[in-house]
$ cat data_7.tsv   # TSV, C-alpha atoms
chain	number	residue	atom	x	y	z
A	282	MET	CA	144.63	-18.99	143.36
A	283	ILE	CA	140.94	-19.74	143.80
A	284	GLN	CA	140.05	-22.50	146.27
A	285	ILE	CA	137.77	-25.21	144.91
A	286	ARG	CA	135.87	-27.62	147.15
A	287	LYS	CA	135.25	-31.12	145.81
A	288	GLU	CA	131.79	-32.04	147.10
A	289	GLY	CA	132.10	-35.67	146.01
A	290	LEU	CA	130.20	-38.14	143.87
A	291	LEU	CA	126.51	-37.53	143.19
A	292	LEU	CA	125.40	-40.27	140.78
A	293	LYS	CA	126.78	-43.69	139.90
A	294	LYS	CA	125.75	-46.25	137.33
A	295	THR	CA	123.14	-48.80	138.33
A	296	GLU	CA	122.08	-52.26	137.22
A	297	LEU	CA	119.27	-50.78	135.12
A	298	SER	CA	119.88	-51.69	131.49
A	299	PHE	CA	119.93	-48.12	130.18
A	300	GLU	CA	122.66	-46.97	132.60
A	301	ASN	CA	124.66	-50.04	133.50
A	302	GLU	CA	127.87	-48.83	131.83
A	303	GLY	CA	128.02	-45.27	133.14
A	304	VAL	CA	126.33	-42.01	134.02
A	305	LEU	CA	128.08	-38.76	133.16
A	306	ASN	CA	128.06	-35.22	131.76
A	307	PRO	CA	124.77	-33.85	133.15
A	308	GLY	CA	122.73	-30.89	131.96
A	309	ILE	CA	121.58	-28.81	134.94
A	310	ILE	CA	118.77	-26.34	135.45
A	311	ALA	CA	117.80	-24.89	138.85
A	312	GLU	CA	114.29	-23.75	139.68
A	313	GLY	CA	113.51	-22.62	143.20
A	314	ARG	CA	114.93	-25.05	145.73
A	315	HIS	CA	115.07	-27.85	143.17
A	316	ILE	CA	117.75	-28.74	140.65
A	317	HIS	CA	116.83	-30.81	137.59
A	318	ILE	CA	119.53	-33.10	136.24
A	319	PHE	CA	119.46	-34.48	132.70
A	320	TYR	CA	122.37	-36.86	132.45
A	321	ARG	CA	123.95	-39.06	129.85
A	322	ALA	CA	123.15	-42.68	130.64
A	323	VAL	CA	125.25	-45.34	128.90
A	324	SER	CA	124.20	-48.93	128.30
A	325	LYS	CA	126.33	-51.83	127.14
A	326	GLY	CA	127.69	-51.31	123.66
A	327	ASN	CA	128.10	-47.56	124.32
A	328	PHE	CA	124.52	-46.63	123.50
A	329	SER	CA	123.43	-43.44	125.27
A	330	SER	CA	120.14	-41.92	126.31
A	331	ILE	CA	119.20	-39.17	128.78
A	332	GLY	CA	118.29	-40.03	132.34
A	333	TYR	CA	116.63	-37.72	134.85
A	334	CYS	CA	117.20	-36.95	138.51
A	335	LEU	CA	115.74	-34.28	140.82
A	336	LEU	CA	117.64	-32.69	143.70
A	337	ASP	CA	116.47	-30.73	146.73
A	338	GLY	CA	119.40	-28.39	147.18
A	339	PRO	CA	122.76	-29.00	145.51
A	340	MET	CA	123.37	-32.62	146.58
A	341	THR	CA	120.22	-34.27	147.96
A	342	ILE	CA	118.51	-36.69	145.57
A	343	VAL	CA	114.73	-36.82	145.93
A	344	GLN	CA	113.78	-38.53	142.66
A	345	ARG	CA	115.56	-40.63	140.05
A	346	ARG	CA	113.71	-42.10	137.10
A	347	GLN	CA	114.02	-45.81	136.52
A	348	GLU	CA	113.89	-45.40	132.74
A	349	PRO	CA	115.40	-42.86	130.32
A	350	LEU	CA	113.58	-39.59	129.75
A	351	VAL	CA	114.83	-38.97	126.19
A	352	VAL	CA	115.84	-41.82	123.88
A	353	PRO	CA	117.13	-42.15	120.30
A	354	GLU	CA	114.32	-42.05	117.74
A	355	PHE	CA	115.92	-40.99	114.45
A	356	PRO	CA	118.81	-42.26	112.32
A	357	TYR	CA	121.03	-39.27	113.14
A	358	GLU	CA	121.01	-40.27	116.84
A	359	ALA	CA	120.70	-44.04	116.44
A	360	HIS	CA	123.81	-44.83	118.48
A	361	GLY	CA	123.22	-42.31	121.21
A	362	ILE	CA	122.04	-39.05	122.71
A	363	GLU	CA	125.08	-37.73	124.54
A	364	ASP	CA	126.25	-34.91	126.83
A	365	PRO	CA	123.06	-32.84	127.32
A	366	ARG	CA	123.01	-29.18	128.32
A	367	ILE	CA	119.86	-27.24	129.11
A	368	VAL	CA	118.78	-23.59	129.42
A	369	LYS	CA	115.48	-21.75	129.59
A	370	ILE	CA	114.99	-18.93	127.08
A	371	GLU	CA	111.80	-16.97	127.65
A	372	ASN	CA	109.17	-19.69	128.22
A	373	LEU	CA	110.91	-22.56	126.45
A	374	TYR	CA	113.54	-25.02	127.61
A	375	TYR	CA	116.34	-25.72	125.12
A	376	LEU	CA	117.94	-29.13	125.58
A	377	THR	CA	121.01	-29.58	123.40
A	378	TYR	CA	122.96	-32.79	122.98
A	379	THR	CA	125.41	-34.61	120.76
A	380	ALA	CA	123.55	-36.84	118.32
A	381	TYR	CA	125.71	-39.84	117.44
A	382	ASP	CA	124.75	-42.24	114.65
A	383	GLY	CA	127.68	-44.57	115.21
A	384	VAL	CA	130.04	-42.62	112.96
A	385	ASN	CA	129.03	-38.96	112.88
A	386	ALA	CA	128.57	-36.67	115.89
A	387	HIS	CA	126.66	-33.37	115.66
A	388	GLY	CA	124.87	-30.91	117.90
A	389	ALA	CA	121.11	-31.42	118.07
A	390	LEU	CA	118.25	-29.61	119.82
A	391	ALA	CA	115.04	-30.59	121.59
A	392	VAL	CA	112.64	-28.13	123.22
A	393	SER	CA	110.11	-28.44	126.01
A	394	GLU	CA	107.58	-26.40	127.94
A	395	ASP	CA	107.42	-28.68	130.98
A	396	LEU	CA	110.75	-30.60	131.24
A	397	LEU	CA	108.86	-33.83	130.65
A	398	HIS	CA	107.93	-33.80	126.97
A	399	PHE	CA	110.57	-32.83	124.43
A	400	GLU	CA	110.09	-32.00	120.77
A	401	LYS	CA	113.17	-32.79	118.73
A	402	LYS	CA	114.26	-30.16	116.22
A	403	GLY	CA	117.09	-32.21	114.75
A	404	ILE	CA	120.72	-31.37	114.06
A	405	ILE	CA	121.40	-27.62	113.99
A	406	THR	CA	125.20	-27.59	113.62
A	407	PRO	CA	126.77	-27.82	110.13
A	408	GLN	CA	126.88	-31.15	108.33
A	409	THR	CA	129.77	-31.20	105.91
A	410	THR	CA	132.96	-33.07	105.14
A	411	PHE	CA	136.28	-31.85	106.43
A	412	GLU	CA	137.47	-31.44	102.87
A	413	HIS	CA	134.61	-29.04	102.08
A	414	PHE	CA	135.09	-27.21	105.39
A	415	ARG	CA	138.79	-26.73	104.66
A	416	SER	CA	138.15	-25.47	101.13
A	417	LEU	CA	135.75	-22.82	102.47
A	418	VAL	CA	138.10	-21.64	105.22
A	419	GLU	CA	141.03	-21.40	102.80
A	420	ARG	CA	139.17	-19.04	100.48
A	421	LYS	CA	140.07	-16.21	102.83
A	422	ALA	CA	142.65	-17.54	105.30
A	423	ILE	CA	145.29	-20.16	105.91
A	424	ILE	CA	143.73	-22.88	108.00
A	425	ASP	CA	145.23	-23.48	111.44
A	426	THR	CA	147.24	-26.70	111.29
A	427	LYS	CA	145.45	-27.92	114.43
A	428	TYR	CA	142.22	-28.18	112.44
A	429	ILE	CA	144.05	-30.51	110.07
A	430	LYS	CA	145.59	-32.50	112.94
A	431	TYR	CA	142.28	-33.18	114.67
A	432	ASN	CA	139.98	-33.54	111.65
A	433	GLU	CA	141.83	-34.51	108.48
A	434	HIS	CA	141.79	-38.23	109.25
A	435	ILE	CA	138.07	-38.44	108.57
A	436	VAL	CA	138.51	-37.43	104.92
A	437	THR	CA	139.49	-40.92	103.85
A	438	ARG	CA	136.75	-42.73	105.78
A	439	GLU	CA	133.44	-43.72	104.27
A	440	ARG	CA	130.36	-45.51	105.48
A	441	ASP	CA	128.10	-47.19	102.94
A	442	GLY	CA	129.65	-45.05	100.23
A	443	ASP	CA	128.97	-41.76	102.03
A	444	ALA	CA	131.78	-39.55	103.30
A	445	VAL	CA	132.10	-39.29	107.05
A	446	LEU	CA	131.30	-35.79	108.23
A	447	LEU	CA	133.14	-33.22	110.31
A	448	TRP	CA	132.31	-33.61	113.99
A	449	ASP	CA	130.74	-30.59	115.70
A	450	LYS	CA	129.95	-31.09	119.40
A	451	ASN	CA	129.40	-29.18	122.67
A	452	LEU	CA	126.35	-27.26	121.45
A	453	ILE	CA	125.38	-24.85	124.24
A	454	PHE	CA	122.89	-21.96	124.18
A	455	PHE	CA	123.19	-18.76	126.17
A	456	PRO	CA	120.20	-18.52	128.55
A	457	ARG	CA	118.70	-15.39	126.97
A	458	ARG	CA	118.60	-13.54	123.69
A	459	ILE	CA	121.25	-10.84	123.26
A	460	GLY	CA	120.28	-7.95	121.04
A	461	GLY	CA	117.30	-10.03	119.93
A	462	LYS	CA	119.49	-12.91	118.78
A	463	LEU	CA	119.95	-16.46	119.96
A	464	TYR	CA	123.60	-17.18	120.75
A	465	PHE	CA	125.15	-20.60	121.02
A	466	LEU	CA	128.60	-22.12	121.43
A	467	HIS	CA	129.77	-25.17	119.52
A	468	ARG	CA	133.10	-26.86	118.94
A	469	ILE	CA	134.93	-28.03	115.87
A	470	LYS	CA	138.32	-29.06	117.24
A	471	PRO	CA	140.50	-27.43	118.39
A	472	ASP	CA	138.71	-24.13	119.08
A	473	MET	CA	135.39	-22.99	120.50
A	474	GLN	CA	133.12	-21.20	118.02
A	475	LEU	CA	130.19	-18.82	118.60
A	476	THR	CA	127.09	-18.46	116.43
A	477	CYS	CA	124.16	-16.03	116.64
A	478	VAL	CA	120.92	-15.85	114.65
A	479	TYR	CA	117.51	-14.26	115.02
A	480	SER	CA	115.85	-17.55	114.14
A	481	LEU	CA	117.09	-21.12	113.91
A	482	ASP	CA	115.60	-21.21	110.42
A	483	GLU	CA	118.63	-19.18	109.32
A	484	LEU	CA	120.92	-22.16	109.90
A	485	THR	CA	120.93	-23.36	106.30
A	486	PRO	CA	123.83	-24.94	104.37
A	487	GLY	CA	124.38	-21.54	102.73
A	488	PHE	CA	124.64	-19.89	106.16
A	489	TRP	CA	127.36	-22.30	107.22
A	490	GLU	CA	129.28	-21.88	103.96
A	491	GLY	CA	129.53	-18.14	104.59
A	492	TYR	CA	130.30	-18.78	108.25
A	493	PHE	CA	133.25	-21.02	107.44
A	494	GLN	CA	134.70	-18.54	104.96
A	495	ASP	CA	134.95	-16.12	107.89
A	496	LEU	CA	135.80	-18.78	110.48
A	497	ASN	CA	138.35	-16.66	112.36
A	498	ASP	CA	135.63	-14.10	113.10
A	499	HIS	CA	133.55	-16.79	114.83
A	500	ILE	CA	136.23	-18.33	117.06
A	501	VAL	CA	135.46	-17.15	120.57
A	502	MET	CA	138.25	-19.01	122.39
A	503	LYS	CA	141.51	-20.65	121.34
A	504	SER	CA	143.98	-22.57	123.48
A	505	ARG	CA	146.32	-20.32	125.42
A	506	TYR	CA	147.66	-22.18	128.44
A	507	ALA	CA	149.28	-25.59	129.03
A	508	HIS	CA	146.19	-27.22	130.55
A	509	GLU	CA	144.21	-26.46	127.35
A	510	SER	CA	147.07	-26.77	124.88
A	511	ALA	CA	145.61	-29.68	122.88
A	512	TYR	CA	142.10	-28.24	122.49
A	513	LEU	CA	139.22	-26.78	124.45
A	514	GLY	CA	135.44	-26.80	124.29
A	515	GLY	CA	132.24	-25.67	125.92
A	516	GLY	CA	131.22	-26.95	129.32
A	517	ALA	CA	128.25	-25.51	131.20
A	518	PRO	CA	125.84	-22.92	129.78
A	519	PRO	CA	127.13	-19.38	130.42
A	520	VAL	CA	126.09	-17.81	133.72
A	521	GLU	CA	125.09	-14.13	133.59
A	522	THR	CA	126.90	-12.02	136.21
A	523	PRO	CA	127.59	-8.26	136.58
A	524	ALA	CA	131.19	-8.95	135.50
A	525	GLY	CA	130.19	-10.74	132.29
A	526	TRP	CA	129.11	-14.17	131.11
A	527	LEU	CA	130.86	-16.67	133.35
A	528	LEU	CA	131.94	-19.60	131.20
A	529	ILE	CA	132.92	-22.88	132.80
A	530	TYR	CA	134.52	-24.87	129.97
A	531	HIS	CA	136.87	-27.81	129.52
A	532	GLY	CA	140.51	-27.71	128.51
A	533	VAL	CA	142.53	-30.68	127.30
A	534	GLU	CA	146.27	-31.25	127.64
A	535	ASP	CA	148.09	-34.00	125.75
A	536	THR	CA	150.57	-35.62	128.16
A	537	PRO	CA	152.75	-38.77	128.16
A	538	LYS	CA	149.97	-40.53	130.11
A	539	GLY	CA	147.27	-39.40	127.69
A	540	TYR	CA	144.78	-36.55	127.53
A	541	ILE	CA	143.90	-34.77	130.77
A	542	TYR	CA	140.52	-32.99	130.87
A	543	SER	CA	140.24	-30.08	133.29
A	544	ALA	CA	137.48	-27.65	134.25
A	545	CYS	CA	138.37	-24.06	133.35
A	546	ALA	CA	136.85	-20.58	133.72
A	547	ALA	CA	136.57	-17.43	131.60
A	548	LEU	CA	134.46	-14.27	131.28
A	549	LEU	CA	132.82	-13.06	128.07
A	550	ASP	CA	131.29	-9.64	127.42
A	551	LEU	CA	127.59	-9.45	128.32
A	552	GLU	CA	126.44	-7.67	125.16
A	553	ASP	CA	129.07	-9.03	122.77
A	554	PRO	CA	130.05	-12.55	123.87
A	555	GLN	CA	132.56	-12.71	121.03
A	556	LEU	CA	134.78	-10.58	123.28
A	557	GLU	CA	136.74	-12.44	125.92
A	558	ILE	CA	137.22	-10.35	129.06
A	559	ALA	CA	139.28	-12.67	131.23
A	560	ARG	CA	140.46	-16.25	131.62
A	561	LEU	CA	142.08	-18.17	134.47
A	562	PRO	CA	145.68	-19.08	133.55
A	563	TYR	CA	145.34	-22.35	135.46
A	564	PRO	CA	142.63	-25.02	135.70
A	565	LEU	CA	139.73	-24.30	138.01
A	566	PHE	CA	140.02	-27.96	138.97
A	567	PHE	CA	141.55	-31.08	137.44
A	568	PRO	CA	141.60	-34.85	138.01
A	569	GLN	CA	142.88	-35.65	141.51
A	570	GLU	CA	140.29	-37.87	143.18
A	571	PRO	CA	140.12	-41.62	142.51
A	572	TRP	CA	136.79	-41.25	140.66
A	573	GLU	CA	138.39	-38.67	138.32
A	574	LEU	CA	141.67	-40.49	137.75
A	575	GLU	CA	140.30	-43.92	136.80
A	576	GLY	CA	137.15	-44.92	134.96
A	577	GLU	CA	135.88	-45.51	131.46
A	578	VAL	CA	138.27	-42.77	130.34
A	579	ASN	CA	140.97	-41.89	132.83
A	580	ASN	CA	141.90	-38.35	133.94
A	581	VAL	CA	138.64	-36.58	133.11
A	582	CYS	CA	136.81	-33.70	134.78
A	583	PHE	CA	134.20	-32.63	132.22
A	584	PRO	CA	131.91	-29.82	133.47
A	585	THR	CA	128.47	-29.53	131.87
A	586	GLY	CA	126.18	-27.72	134.31
A	587	THR	CA	126.07	-25.27	137.20
A	588	ALA	CA	123.71	-24.05	139.92
A	589	ILE	CA	124.07	-21.18	142.39
A	590	ARG	CA	123.13	-21.72	146.03
A	591	ASP	CA	123.92	-19.25	148.84
A	592	ASP	CA	126.35	-17.32	146.62
A	593	ARG	CA	128.26	-20.50	145.88
A	594	LEU	CA	128.64	-21.90	142.36
A	595	TYR	CA	128.11	-25.65	142.20
A	596	ILE	CA	129.68	-27.29	139.15
A	597	TYR	CA	128.36	-30.66	138.00
A	598	TYR	CA	130.74	-32.74	135.92
A	599	GLY	CA	131.45	-36.10	134.41
A	600	ALA	CA	134.20	-37.92	136.33
A	601	ALA	CA	136.36	-40.26	134.24
A	602	ASP	CA	133.44	-40.68	131.80
A	603	GLU	CA	131.70	-43.01	134.26
A	604	GLN	CA	130.21	-41.10	137.22
A	605	ILE	CA	128.81	-37.68	138.10
A	606	ALA	CA	130.48	-35.51	140.71
A	607	VAL	CA	130.16	-31.98	142.05
A	608	ALA	CA	132.64	-29.24	142.92
A	609	SER	CA	131.90	-25.78	144.29
A	610	VAL	CA	133.48	-22.36	144.62
A	611	PRO	CA	132.41	-19.00	146.08
A	612	LEU	CA	130.97	-17.16	143.09
A	613	GLN	CA	132.27	-13.69	143.94
A	614	ALA	CA	135.74	-15.00	144.72
A	615	LEU	CA	135.84	-16.68	141.31
A	616	LEU	CA	134.75	-13.47	139.55
A	617	ASP	CA	137.36	-11.46	141.49
A	618	GLU	CA	140.07	-13.92	140.53
A	619	LEU	CA	139.05	-13.81	136.89
A	620	LEU	CA	139.17	-10.00	136.86
A	621	LEU	CA	142.77	-10.22	138.04
A	622	ASN	CA	143.49	-12.11	134.82
A	623	LYS	CA	141.96	-9.88	132.17
A	624	LYS	CA	142.81	-10.53	128.56
A	625	ILE	CA	145.52	-8.24	127.22
A	626	ILE	CA	144.34	-6.70	123.95

$ encode --input "data_7.tsv" --output "structure tokens"
Amino acid sequence: MIQIRKEGLLLKKTELSFENEGVLNPGIIAEGRHIHIFYRAVSKGNFSSIGYCLLDGPMTIVQRRQEPLVVPEFPYEAHGIEDPRIVKIENLYYLTYTAYDGVNAHGALAVSEDLLHFEKKGIITPQTTFEHFRSLVERKAIIDTKYIKYNEHIVTRERDGDAVLLWDKNLIFFPRRIGGKLYFLHRIKPDMQLTCVYSLDELTPGFWEGYFQDLNDHIVMKSRYAHESAYLGGGAPPVETPAGWLLIYHGVEDTPKGYIYSACAALLDLEDPQLEIARLPYPLFFPQEPWELEGEVNNVCFPTGTAIRDDRLYIYYGAADEQIAVASVPLQALLDELLLNKKII
């Protein structure tokens, strides 16, 4: 079993109005000796924006902004900009986040050339009702009952006469094009889905209708083990290694004391990420420390970013939906352990 080292807490909430309820779920991008952190900052009333912090090395804070870097501007994100992830593809930074309007939650994108100024591209995940989603899936297949369990309840809800939409979160891009295409992960509970396009302009309502009719072809990972038995979802952007795309994701188990969120690891094929190579049959790490066991939401380790320093993988995660912590593991040891647990075809 791989040995994880808990490095401890990195960021806590402050008395500043934009982050006085919590800081969590950071997007991470490393450049040279510095690590840029784009974190979810929560104010009273559960309104979220994105804060910014700069590290020298994996744990040393050298700058922390006193105001949010990215804030809600449009109706689709009026209640919050949540859970950012960030990658650099060619010469452009892709910052993805969950746009929450108070009822609906969808994956949205902003891009930047300098990590300071971001141009919002809007929601890029599908916007549809669960009823419509289900009707499309059932044209070719019997829908997994878990999709009904986790999504059917929203069918009967309305807001101002409009149907509440299917939630689609954890939007995460791969850090390079593969075969000329942009690849990204997203999550409609309970599975993790994978999408690829040559251009984001392809992501039309018609595209998603065809996509849902072939939903099983786009599911990249389904729950397999106890620690992910309720559902799973994307965590940090995939890390390219000789063994494959290293995916640090989250798994959720439903227990008598509630949901437990753990950090998990898998490998996907470099040229065809739809193919799972290997997966750890146990959590990479799970809630054990006081800051993970109790907080805004108890029993949560929610990984959202990584950085490699001296052949060690540092994993940045939200702890109990209130603070930001770091864990680390020798990269090669993790890859070796994963390759001992290859998927049986």

$ residues_around --input "data_7.tsv" --residues "Asp364 (chain A)" --least-positions-apart "3" --cutoff "7 Å" --atoms "only C-alpha atoms" --output "PyMOL selection string"
chain A and resi 306-307+321+378-379

$ atom_distance --input "data_7.tsv" --atom1 "CA of Leu513 (chain A)" --atom2 "CA of Asn432 (chain A)"
14.5 Å

$ closest_residue --input "data_7.tsv" --among "A:Thr587, A:Asn579, A:Asn385, A:Ser393" --to "Thr409 (chain A)" --atoms "all atoms listed in the file"
A:Asn385

$ atom_distance --input "data_7.tsv" --atom1 "CA of Cys582 (chain A)" --atom2 "CA of Ile500 (chain A)"
23.5 Å

$ residues_around --input "data_7.tsv" --residues "Gly303 (chain A)" --least-positions-apart "4" --cutoff "6 Å" --atoms "all atoms listed in the file" --output "list in words"
Lys294, Val323 and Glu603 of chain A

$ residues_around --input "data_7.tsv" --residues "region 477-481 of chain A" --least-positions-apart "3" --cutoff "10 Å" --atoms "only C-alpha atoms" --output "list of chain:residue names"
A:Lys402, A:Ile405, A:Phe454, A:Phe455, A:Arg458, A:Ile459, A:Gly460, A:Gly461, A:Lys462, A:Leu463, A:Tyr464, A:Phe465, A:Leu466, A:Leu484, A:Thr485, A:His499, A:Pro554

$ residues_around --input "data_7.tsv" --residues "Leu350 (chain A)" --least-positions-apart "3" --cutoff "10 Å" --atoms "only C-alpha atoms" --output "ChimeraX atom specification"
/A:319-320,330-334,346-347,396-399

$ closest_residue --input "data_7.tsv" --among "A:Ile424, A:Leu616, A:Leu452, A:Leu376" --to "Pro407 (chain A)" --atoms "only C-alpha atoms"
A:Leu452

$ closest_residue --input "data_7.tsv" --among "A:Val368, A:Ile283, A:Leu475, A:Ala380" --to "Leu612 (chain A)" --atoms "only C-alpha atoms"
A:Ile283

$ closest_residue --input "data_7.tsv" --among "A:Phe328, A:Tyr563, A:Tyr374, A:Trp572" --to "Leu619 (chain A)" --atoms "only C-alpha atoms"
A:Tyr563

$ closest_residue --input "data_7.tsv" --among "A:Gly576, A:Val607, A:Tyr597, A:Leu565" --to "Met282 (chain A)" --atoms "only C-alpha atoms"
A:Leu565

$ residues_near_point --input "data_7.tsv" --point "(129.1, -33.0, 131.1)" --cutoff "10 Å" --atoms "only C-alpha atoms" --output "PyMOL selection string"
chain A and resi 304-309+319-321+363-366+451+515-517+530-531+582-586+596-600+602+605

$ residues_near_point --input "data_7.tsv" --point "(129.0, -20.7, 110.0)" --cutoff "10 Å" --atoms "all atoms listed in the file" --output "ChimeraX atom specification"
/A:406-407,474-477,484-496,498-499

$ write_last_selection --input "data_7.tsv" --atoms "C-alpha atoms" --output "PDB file, in the frame of the given file"
ATOM      1  CA  THR A 406     125.200 -27.590 113.620  1.00  0.00           C
ATOM      2  CA  PRO A 407     126.770 -27.820 110.130  1.00  0.00           C
ATOM      3  CA  GLN A 474     133.120 -21.200 118.020  1.00  0.00           C
ATOM      4  CA  LEU A 475     130.190 -18.820 118.600  1.00  0.00           C
ATOM      5  CA  THR A 476     127.090 -18.460 116.430  1.00  0.00           C
ATOM      6  CA  CYS A 477     124.160 -16.030 116.640  1.00  0.00           C
ATOM      7  CA  LEU A 484     120.920 -22.160 109.900  1.00  0.00           C
ATOM      8  CA  THR A 485     120.930 -23.360 106.300  1.00  0.00           C
ATOM      9  CA  PRO A 486     123.830 -24.940 104.370  1.00  0.00           C
ATOM     10  CA  GLY A 487     124.380 -21.540 102.730  1.00  0.00           C
ATOM     11  CA  PHE A 488     124.640 -19.890 106.160  1.00  0.00           C
ATOM     12  CA  TRP A 489     127.360 -22.300 107.220  1.00  0.00           C
ATOM     13  CA  GLU A 490     129.280 -21.880 103.960  1.00  0.00           C
ATOM     14  CA  GLY A 491     129.530 -18.140 104.590  1.00  0.00           C
ATOM     15  CA  TYR A 492     130.300 -18.780 108.250  1.00  0.00           C
ATOM     16  CA  PHE A 493     133.250 -21.020 107.440  1.00  0.00           C
ATOM     17  CA  GLN A 494     134.700 -18.540 104.960  1.00  0.00           C
ATOM     18  CA  ASP A 495     134.950 -16.120 107.890  1.00  0.00           C
ATOM     19  CA  LEU A 496     135.800 -18.780 110.480  1.00  0.00           C
ATOM     20  CA  ASP A 498     135.630 -14.100 113.100  1.00  0.00           C
ATOM     21  CA  HIS A 499     133.550 -16.790 114.830  1.00  0.00           C
TER      22      HIS A 499
END

$ closest_residue --input "data_7.tsv" --among "A:Thr536, A:Thr426, A:Gln569, A:Asn580" --to "Gly289 (chain A)" --atoms "all atoms listed in the file"
A:Gln569

$ atom_distance --input "data_7.tsv" --atom1 "CA of Leu549 (chain A)" --atom2 "CA of Glu483 (chain A)"
24.3 Å

$ axis_aligned_box --input "data_7.tsv" --around "region 510-526 of chain A" --padding-each-side "5 Å" --output "lines of an AutoDock Vina configuration file"
center_x = 136.1
center_y = -19.0
center_z = 129.5
size_x = 32.0
size_y = 31.4
size_z = 24.1

$ residues_around --input "data_7.tsv" --residues "Gly532 (chain A)" --least-positions-apart "3" --cutoff "9 Å" --atoms "only C-alpha atoms" --output "number ranges by chain"
A: 504, 508-515, 541-545, 564, 583

$ decode --input "data_7.tsv" --residues "region 528-543 of chain A" --atoms "N, CA and C atoms" --output "mmCIF file, in the first residue's frame"
data_model
loop_
_atom_site.group_PDB
_atom_site.id
_atom_site.type_symbol
_atom_site.label_atom_id
_atom_site.label_comp_id
_atom_site.auth_asym_id
_atom_site.auth_seq_id
_atom_site.Cartn_x
_atom_site.Cartn_y
_atom_site.Cartn_z
ATOM 1 N N LEU A 528 -4.568 10.320 -12.814
ATOM 2 C CA LEU A 528 -5.796 11.013 -12.432
ATOM 3 C C LEU A 528 -6.000 10.898 -10.928
ATOM 4 N N ILE A 529 -5.931 12.028 -10.255
ATOM 5 C CA ILE A 529 -6.287 12.094 -8.841
ATOM 6 C C ILE A 529 -7.733 12.583 -8.785
ATOM 7 N N TYR A 530 -8.635 11.739 -8.323
ATOM 8 C CA TYR A 530 -10.061 12.047 -8.352
ATOM 9 C C TYR A 530 -10.657 11.845 -6.962
ATOM 10 N N HIS A 531 -11.939 12.108 -6.806
ATOM 11 C CA HIS A 531 -12.575 11.876 -5.511
ATOM 12 C C HIS A 531 -13.597 10.754 -5.619
ATOM 13 N N GLY A 532 -13.651 9.955 -4.566
ATOM 14 C CA GLY A 532 -14.641 8.900 -4.453
ATOM 15 C C GLY A 532 -15.484 9.148 -3.217
ATOM 16 N N VAL A 533 -16.750 8.754 -3.273
ATOM 17 C CA VAL A 533 -17.677 9.039 -2.178
ATOM 18 C C VAL A 533 -18.361 7.740 -1.742
ATOM 19 N N GLU A 534 -18.299 7.489 -0.439
ATOM 20 C CA GLU A 534 -18.973 6.334 0.150
ATOM 21 C C GLU A 534 -20.095 6.823 1.062
ATOM 22 N N ASP A 535 -21.255 6.205 0.956
ATOM 23 C CA ASP A 535 -22.393 6.527 1.801
ATOM 24 C C ASP A 535 -22.346 5.606 3.019
ATOM 25 N N THR A 536 -22.160 6.174 4.194
ATOM 26 C CA THR A 536 -22.008 5.394 5.419
ATOM 27 C C THR A 536 -23.057 5.829 6.443
ATOM 28 N N PRO A 537 -23.208 5.073 7.538
ATOM 29 C CA PRO A 537 -24.173 5.475 8.574
ATOM 30 C C PRO A 537 -23.912 6.870 9.142
ATOM 31 N N LYS A 538 -22.666 7.358 9.071
ATOM 32 C CA LYS A 538 -22.375 8.699 9.573
ATOM 33 C C LYS A 538 -22.325 9.739 8.452
ATOM 34 N N GLY A 539 -22.839 9.365 7.281
ATOM 35 C CA GLY A 539 -22.906 10.295 6.169
ATOM 36 C C GLY A 539 -21.902 9.982 5.080
ATOM 37 N N TYR A 540 -21.831 10.842 4.084
ATOM 38 C CA TYR A 540 -20.896 10.649 2.985
ATOM 39 C C TYR A 540 -19.461 10.883 3.457
ATOM 40 N N ILE A 541 -18.554 10.045 2.960
ATOM 41 C CA ILE A 541 -17.126 10.218 3.199
ATOM 42 C C ILE A 541 -16.453 10.423 1.851
ATOM 43 N N TYR A 542 -15.761 11.563 1.706
ATOM 44 C CA TYR A 542 -15.057 11.909 0.472
ATOM 45 C C TYR A 542 -13.574 11.582 0.622
ATOM 46 N N SER A 543 -13.066 10.754 -0.285
ATOM 47 C CA SER A 543 -11.666 10.361 -0.262
ATOM 48 C C SER A 543 -10.967 10.764 -1.550
#
